[in-house]
Amino acid sequence: MITKKLMIVFMATVLVSSGGFAQVKPIIGVAGISHESNSFNVHKTPIEDFSVKIGEDKNERAKKFFAGASAKTTTAGYIEGAKRFGLELYPTVVTGATPKGPVTDQAFNALMKEIITDLKAGPKLEGILLALHGAMIVESYPSGDEEIVRRVREAFGKDMPIVVTHDFHANITPKMIELSNVLITFKENPHLDTYERGLQAAEVMSKIVKGEVKPVQSIVKPPMIYNIAFQNTFSKPLIPIVDASKELEKNPKVLAVSVSGGYQYADVPSMGPSIVVVTDNDKELADREANRLAKMMWDTREQTRLSNPSPKDAVKMAIQHEGRPVILIDMGDNIGGGSTGDSSFLLEELIKQNAQGWAMVIADPAAYKVAEKAGVGNSFDFEVGGKTDALHGKPVRIKGQVRSLNVGRYLETEVRHGGGRYWNMGHTAVIQVEGSTLDEPNLLLLTTQRASPNSAHIFTSNGVYVERQKMLVVKGAIAPRAAYEPFASVLLSVDSPGATAINPTWFKYYNIREGLFGIEKSKR
Ligand SMILES: [Zn+2]
């Protein structure tokens with residue numbers, strides 16, 4: 001017997017389920033080319049550097065895209081956001097390459113042709129999400145990112161909602177703000193909020209396609225360089241500004257607030273920091289708040305003057321330091337900033353000053369080959385590093401023993417800079433340098449690829465006990481902090497030469513804006 005009360009529940013259930021016929025979700029195209037291009041790296045970035053196959057089967061491509069859901073990247077955030085906010089994603093080319101010199105026209109045009117053709121050939125789209133870096137230079141375009149949005153806009157018209165995500169290191173052009181509907185950059189450096197920003201982009205997109213919001217955005221660029229040495233968003237001087245941006249997002253009229261630090265190794269007019277505020281149809285509010293945050297940034301300028309040690313002084317300080325490990329951050333050879341990964345200035349100093357208990361990675365495929373040929377347990381004697389160009393020191397002769405040879409793939413399960421999970425540093429040889437002991441081994445890791453030290457597994461996966469070493473050299477700037485700060489005794493940011501030297505006086509800038517604080521424009 002069915003009681004009256006149960007009957008009511010039963011009927012209510014039927015009513016709900018009969019009303020729920022399969023809802024059609026808005027379909028959102030997804031594409032992206034992500035590259036941070038270093039004007040001072042003479043090696044251009046060709047198509048082969050991008051993790052993409054032109055003409056790849058669409059289903060294969062989509063399968064790979066959705067397989068990325070387990071990471072903590074921006075696109076993993078898109079995937080989760082689509083689920084949460086009722087969107088269906090239609091992914092096409094979403095690719096990137098390790099930072100290097102500007103992207104070739106040939107690579108850019110081939111990728112863009114594939115993206116536009118694919119997006120056009122798919123189902124009817126109601127919006128497009130673009131995962132871009134924001135500091136890409138193409139041979140013919142000082143802002144490759146702006147050119148991507150221009151081409152997508154041209155292909156799909158003025159009414160297509162376009163939501164763009166950018167890295168914290170974006171050099172945003174004012175035109176980008178006109179061409180896109182919403183621009184969101186990572187708030188954190190090291191980039192630990194990549195996933196959250198992807199989620200945010202998907203949520204805003206869902207509100208746009210449902211007609212709940214009408215975004216308008218403003219950009220203000222403070223007239224300065226925000227030196228990379230001060231781009232840690234978890235400490236002063238940036239933290240109050242980042243906090244203010246988070247606070248502002250609590251305003252229901254505000255859809256997104258971005259404080260981007262800019263990327264100083266790009267000799268382009270848009271080089272430098274930006275504030276972007278997106279509101280729901282309130283331009284005056286967007287303008288006012290963007291100006292307020294830009295002024296906050298400008299007001300910290302005196303706190304961004306450099307006083308970092310040279311390689312010589314840094315090694316001396318590391319030897320004298322009591323605790324361990326000391327992390328020597330080789331800022332001039334910041335792989336994630338587009339450097340070569342084979343700079344030898346710190347290696348030379350470590351040898352010269354007879355430092356003990358150091359470990360360091362150098363990208364040197366030729367030296368790896370020599371170690372591989374010698375074999376595990378055998379002697380190694382070869383010139384290492386300083387081979388790619390004239391900016392990164394001279395080769396240093398290293399004698400020692402091949403301790404191990406490894407495949408160089410590893411897994412990072414914690415959220416580190418960029419949110420990546422699977423990493424590949426290329427084949428790796430570990431050399432124990434002559435004269436060092438098992439108690440204080442000097443370990444040189446030779447790799448066939450450049451690998452950003454975003455994870456300490458770059459060492460541990462090769463059998464290096466990071467806590468035991470006296471010193472670890474990492475070729476980065478701020479990004480490695482997320483991985484190394486938890487166990488480091490001290491981190492020393494070294495003012496070393498190289499394609500990513502933090503001191504702008506190492507370079508000539510011809511194309512930046514006039515009169516920026518902290519950087520000189522050169523005359524031709
Ligand atoms: Zn970045």
# chains A, B, ... in the order shown; residues from 1 in each chain; ligands from 1
>>> residues_near_ligand(ligand="ligand 1", cutoff="6 Å", atoms="only C-alpha atoms and all ligand atoms", output="list of chain:residue names")
A:Asp167, A:Phe168, A:His169
>>> residues_around(residues="A:Ala367", least_positions_apart="4", cutoff="9 Å", atoms="only C-alpha atoms", output="PDB file with N, CA and C atoms, in the first residue's frame")
ATOM      1  N   ALA A 363      71.797  21.405 -19.867  1.00  0.00           N
ATOM      2  CA  ALA A 363      71.287  20.804 -21.108  1.00  0.00           C
ATOM      3  C   ALA A 363      72.433  20.771 -22.108  1.00  0.00           C
ATOM      4  N   ALA A 371      78.804  10.627 -22.173  1.00  0.00           N
ATOM      5  CA  ALA A 371      78.563   9.854 -20.944  1.00  0.00           C
ATOM      6  C   ALA A 371      77.905   8.510 -21.274  1.00  0.00           C
ATOM      7  N   GLU A 372      76.956   8.559 -22.196  1.00  0.00           N
ATOM      8  CA  GLU A 372      76.251   7.321 -22.578  1.00  0.00           C
ATOM      9  C   GLU A 372      77.235   6.338 -23.203  1.00  0.00           C
ATOM     10  N   PHE A 382      85.055  15.638 -20.508  1.00  0.00           N
ATOM     11  CA  PHE A 382      84.520  16.359 -21.670  1.00  0.00           C
ATOM     12  C   PHE A 382      84.255  17.821 -21.303  1.00  0.00           C
ATOM     13  N   GLU A 383      84.183  18.629 -22.333  1.00  0.00           N
ATOM     14  CA  GLU A 383      83.838  20.045 -22.156  1.00  0.00           C
ATOM     15  C   GLU A 383      82.311  20.156 -22.053  1.00  0.00           C
ATOM     16  N   VAL A 384      81.825  20.830 -21.001  1.00  0.00           N
ATOM     17  CA  VAL A 384      80.388  20.876 -20.747  1.00  0.00           C
ATOM     18  C   VAL A 384      79.857  22.314 -20.749  1.00  0.00           C
ATOM     19  N   GLY A 385      78.681  22.499 -21.372  1.00  0.00           N
ATOM     20  CA  GLY A 385      77.958  23.773 -21.309  1.00  0.00           C
ATOM     21  C   GLY A 385      78.563  24.869 -22.169  1.00  0.00           C
ATOM     22  N   ALA A 429      72.280  11.963 -17.893  1.00  0.00           N
ATOM     23  CA  ALA A 429      73.427  11.277 -17.288  1.00  0.00           C
ATOM     24  C   ALA A 429      73.798  12.017 -16.011  1.00  0.00           C
ATOM     25  N   LEU A 446      73.544  15.873 -16.952  1.00  0.00           N
ATOM     26  CA  LEU A 446      73.587  16.309 -18.349  1.00  0.00           C
ATOM     27  C   LEU A 446      72.332  15.802 -19.042  1.00  0.00           C
ATOM     28  N   THR A 447      71.568  16.725 -19.653  1.00  0.00           N
ATOM     29  CA  THR A 447      70.307  16.320 -20.272  1.00  0.00           C
ATOM     30  C   THR A 447      70.331  16.579 -21.773  1.00  0.00           C
ATOM     31  N   THR A 448      69.470  15.864 -22.482  1.00  0.00           N
ATOM     32  CA  THR A 448      69.378  16.085 -23.933  1.00  0.00           C
ATOM     33  C   THR A 448      68.356  17.166 -24.259  1.00  0.00           C
TER      34      THR A 448
END
>>> atom_distance(atom1="atom CA of A:Leu192", atom2="atom CA of A:His417")
5.5 Å
>>> residues_around(residues="A:Glu188", least_positions_apart="3", cutoff="8 Å", atoms="only C-alpha atoms", output="list of chain:residue names")
A:Phe168, A:His191, A:Leu192, A:Asp193, A:Asn232, A:Thr233, A:Phe234
>>> select_by_dssp(residues="stretch 93-210 of chain A", states="strand (DSSP E)", output="list in words")
Val93, Val94, Thr95, Gly96, Gly127, Ile128, Leu129, Leu130, Ala131, Ile162, Val163, Val164, Thr165, His166, Val182, Leu183, Ile184 and Thr185 of chain A
>>> select_by_dssp(residues="stretch 61-124 of chain A", states="helix (DSSP H, G or I)", output="ChimeraX atom specification")
/A:61-70,74-85,105-121
>>> atom_distance(atom1="atom CA of A:Gly426", atom2="atom CA of A:Pro497")
25.0 Å
>>> decode(residues="stretch 336-421 of chain A", atoms="C-alpha atoms", output="PDB file, in the first residue's frame")
ATOM      1  CA  GLY A 336      61.183  28.880 -18.501  1.00  0.00           C
ATOM      2  CA  GLY A 337      62.020  32.404 -19.657  1.00  0.00           C
ATOM      3  CA  GLY A 338      63.517  31.222 -22.932  1.00  0.00           C
ATOM      4  CA  SER A 339      67.163  30.733 -22.061  1.00  0.00           C
ATOM      5  CA  THR A 340      69.446  27.971 -23.325  1.00  0.00           C
ATOM      6  CA  GLY A 341      69.875  25.859 -20.177  1.00  0.00           C
ATOM      7  CA  ASP A 342      73.593  25.425 -20.814  1.00  0.00           C
ATOM      8  CA  SER A 343      75.023  28.513 -19.127  1.00  0.00           C
ATOM      9  CA  SER A 344      78.286  27.718 -17.380  1.00  0.00           C
ATOM     10  CA  PHE A 345      78.938  30.806 -15.224  1.00  0.00           C
ATOM     11  CA  LEU A 346      77.856  29.148 -11.984  1.00  0.00           C
ATOM     12  CA  LEU A 347      79.510  25.838 -12.888  1.00  0.00           C
ATOM     13  CA  GLU A 348      82.763  27.669 -13.498  1.00  0.00           C
ATOM     14  CA  GLU A 349      82.524  29.413 -10.113  1.00  0.00           C
ATOM     15  CA  LEU A 350      81.665  26.189  -8.248  1.00  0.00           C
ATOM     16  CA  ILE A 351      84.791  24.540  -9.674  1.00  0.00           C
ATOM     17  CA  LYS A 352      86.992  27.623  -9.199  1.00  0.00           C
ATOM     18  CA  GLN A 353      85.949  28.082  -5.545  1.00  0.00           C
ATOM     19  CA  ASN A 354      86.170  24.335  -4.869  1.00  0.00           C
ATOM     20  CA  ALA A 355      82.576  24.164  -3.584  1.00  0.00           C
ATOM     21  CA  GLN A 356      81.503  20.791  -2.193  1.00  0.00           C
ATOM     22  CA  GLY A 357      78.175  19.009  -2.308  1.00  0.00           C
ATOM     23  CA  TRP A 358      76.559  20.797  -5.251  1.00  0.00           C
ATOM     24  CA  ALA A 359      74.187  19.475  -7.882  1.00  0.00           C
ATOM     25  CA  MET A 360      73.341  21.167 -11.161  1.00  0.00           C
ATOM     26  CA  VAL A 361      71.597  20.379 -14.434  1.00  0.00           C
ATOM     27  CA  ILE A 362      73.045  21.410 -17.800  1.00  0.00           C
ATOM     28  CA  ALA A 363      71.287  20.804 -21.108  1.00  0.00           C
ATOM     29  CA  ASP A 364      74.081  19.455 -23.300  1.00  0.00           C
ATOM     30  CA  PRO A 365      73.122  16.645 -25.695  1.00  0.00           C
ATOM     31  CA  ALA A 366      76.731  16.193 -26.923  1.00  0.00           C
ATOM     32  CA  ALA A 367      78.053  15.774 -23.372  1.00  0.00           C
ATOM     33  CA  TYR A 368      75.222  13.337 -22.613  1.00  0.00           C
ATOM     34  CA  LYS A 369      76.259  11.251 -25.632  1.00  0.00           C
ATOM     35  CA  VAL A 370      79.829  11.068 -24.333  1.00  0.00           C
ATOM     36  CA  ALA A 371      78.563   9.854 -20.944  1.00  0.00           C
ATOM     37  CA  GLU A 372      76.251   7.321 -22.578  1.00  0.00           C
ATOM     38  CA  LYS A 373      79.080   6.007 -24.722  1.00  0.00           C
ATOM     39  CA  ALA A 374      81.364   5.703 -21.695  1.00  0.00           C
ATOM     40  CA  GLY A 375      78.702   3.781 -19.765  1.00  0.00           C
ATOM     41  CA  VAL A 376      77.755   3.598 -16.095  1.00  0.00           C
ATOM     42  CA  GLY A 377      80.710   3.355 -13.714  1.00  0.00           C
ATOM     43  CA  ASN A 378      83.224   4.556 -16.286  1.00  0.00           C
ATOM     44  CA  SER A 379      85.211   7.758 -16.581  1.00  0.00           C
ATOM     45  CA  PHE A 380      83.913  10.932 -18.131  1.00  0.00           C
ATOM     46  CA  ASP A 381      86.110  13.715 -19.456  1.00  0.00           C
ATOM     47  CA  PHE A 382      84.520  16.359 -21.670  1.00  0.00           C
ATOM     48  CA  GLU A 383      83.838  20.045 -22.156  1.00  0.00           C
ATOM     49  CA  VAL A 384      80.388  20.876 -20.747  1.00  0.00           C
ATOM     50  CA  GLY A 385      77.958  23.773 -21.309  1.00  0.00           C
ATOM     51  CA  GLY A 386      78.382  27.225 -22.884  1.00  0.00           C
ATOM     52  CA  LYS A 387      77.934  25.868 -26.393  1.00  0.00           C
ATOM     53  CA  THR A 388      74.661  27.303 -27.670  1.00  0.00           C
ATOM     54  CA  ASP A 389      75.628  30.944 -28.120  1.00  0.00           C
ATOM     55  CA  ALA A 390      77.924  33.701 -26.878  1.00  0.00           C
ATOM     56  CA  LEU A 391      75.707  34.778 -23.948  1.00  0.00           C
ATOM     57  CA  HIS A 392      76.053  31.762 -21.674  1.00  0.00           C
ATOM     58  CA  GLY A 393      79.737  31.377 -20.827  1.00  0.00           C
ATOM     59  CA  LYS A 394      82.401  29.058 -22.131  1.00  0.00           C
ATOM     60  CA  PRO A 395      82.497  25.241 -21.998  1.00  0.00           C
ATOM     61  CA  VAL A 396      83.989  23.939 -18.735  1.00  0.00           C
ATOM     62  CA  ARG A 397      86.123  20.789 -18.726  1.00  0.00           C
ATOM     63  CA  ILE A 398      84.588  18.229 -16.372  1.00  0.00           C
ATOM     64  CA  LYS A 399      86.233  14.991 -15.283  1.00  0.00           C
ATOM     65  CA  GLY A 400      84.413  12.409 -13.243  1.00  0.00           C
ATOM     66  CA  GLN A 401      82.527   9.132 -13.217  1.00  0.00           C
ATOM     67  CA  VAL A 402      79.229   8.274 -14.902  1.00  0.00           C
ATOM     68  CA  ARG A 403      77.023   7.412 -11.939  1.00  0.00           C
ATOM     69  CA  SER A 404      73.785   6.674 -13.797  1.00  0.00           C
ATOM     70  CA  LEU A 405      71.953   7.037 -17.088  1.00  0.00           C
ATOM     71  CA  ASN A 406      68.230   7.686 -17.010  1.00  0.00           C
ATOM     72  CA  VAL A 407      65.303   8.131 -19.353  1.00  0.00           C
ATOM     73  CA  GLY A 408      64.457  11.533 -17.832  1.00  0.00           C
ATOM     74  CA  ARG A 409      60.676  11.274 -17.550  1.00  0.00           C
ATOM     75  CA  TYR A 410      59.063  11.973 -14.228  1.00  0.00           C
ATOM     76  CA  LEU A 411      55.780  12.653 -12.497  1.00  0.00           C
ATOM     77  CA  GLU A 412      54.946  15.643 -10.294  1.00  0.00           C
ATOM     78  CA  THR A 413      51.930  14.956  -8.097  1.00  0.00           C
ATOM     79  CA  GLU A 414      51.986  18.273  -6.211  1.00  0.00           C
ATOM     80  CA  VAL A 415      50.709  21.527  -7.712  1.00  0.00           C
ATOM     81  CA  ARG A 416      53.816  23.295  -8.977  1.00  0.00           C
ATOM     82  CA  HIS A 417      54.388  26.203 -11.368  1.00  0.00           C
ATOM     83  CA  GLY A 418      51.996  25.779 -14.315  1.00  0.00           C
ATOM     84  CA  GLY A 419      50.175  22.801 -12.788  1.00  0.00           C
ATOM     85  CA  GLY A 420      51.843  20.173 -15.020  1.00  0.00           C
ATOM     86  CA  ARG A 421      51.913  16.502 -14.036  1.00  0.00           C
TER      87      ARG A 421
END
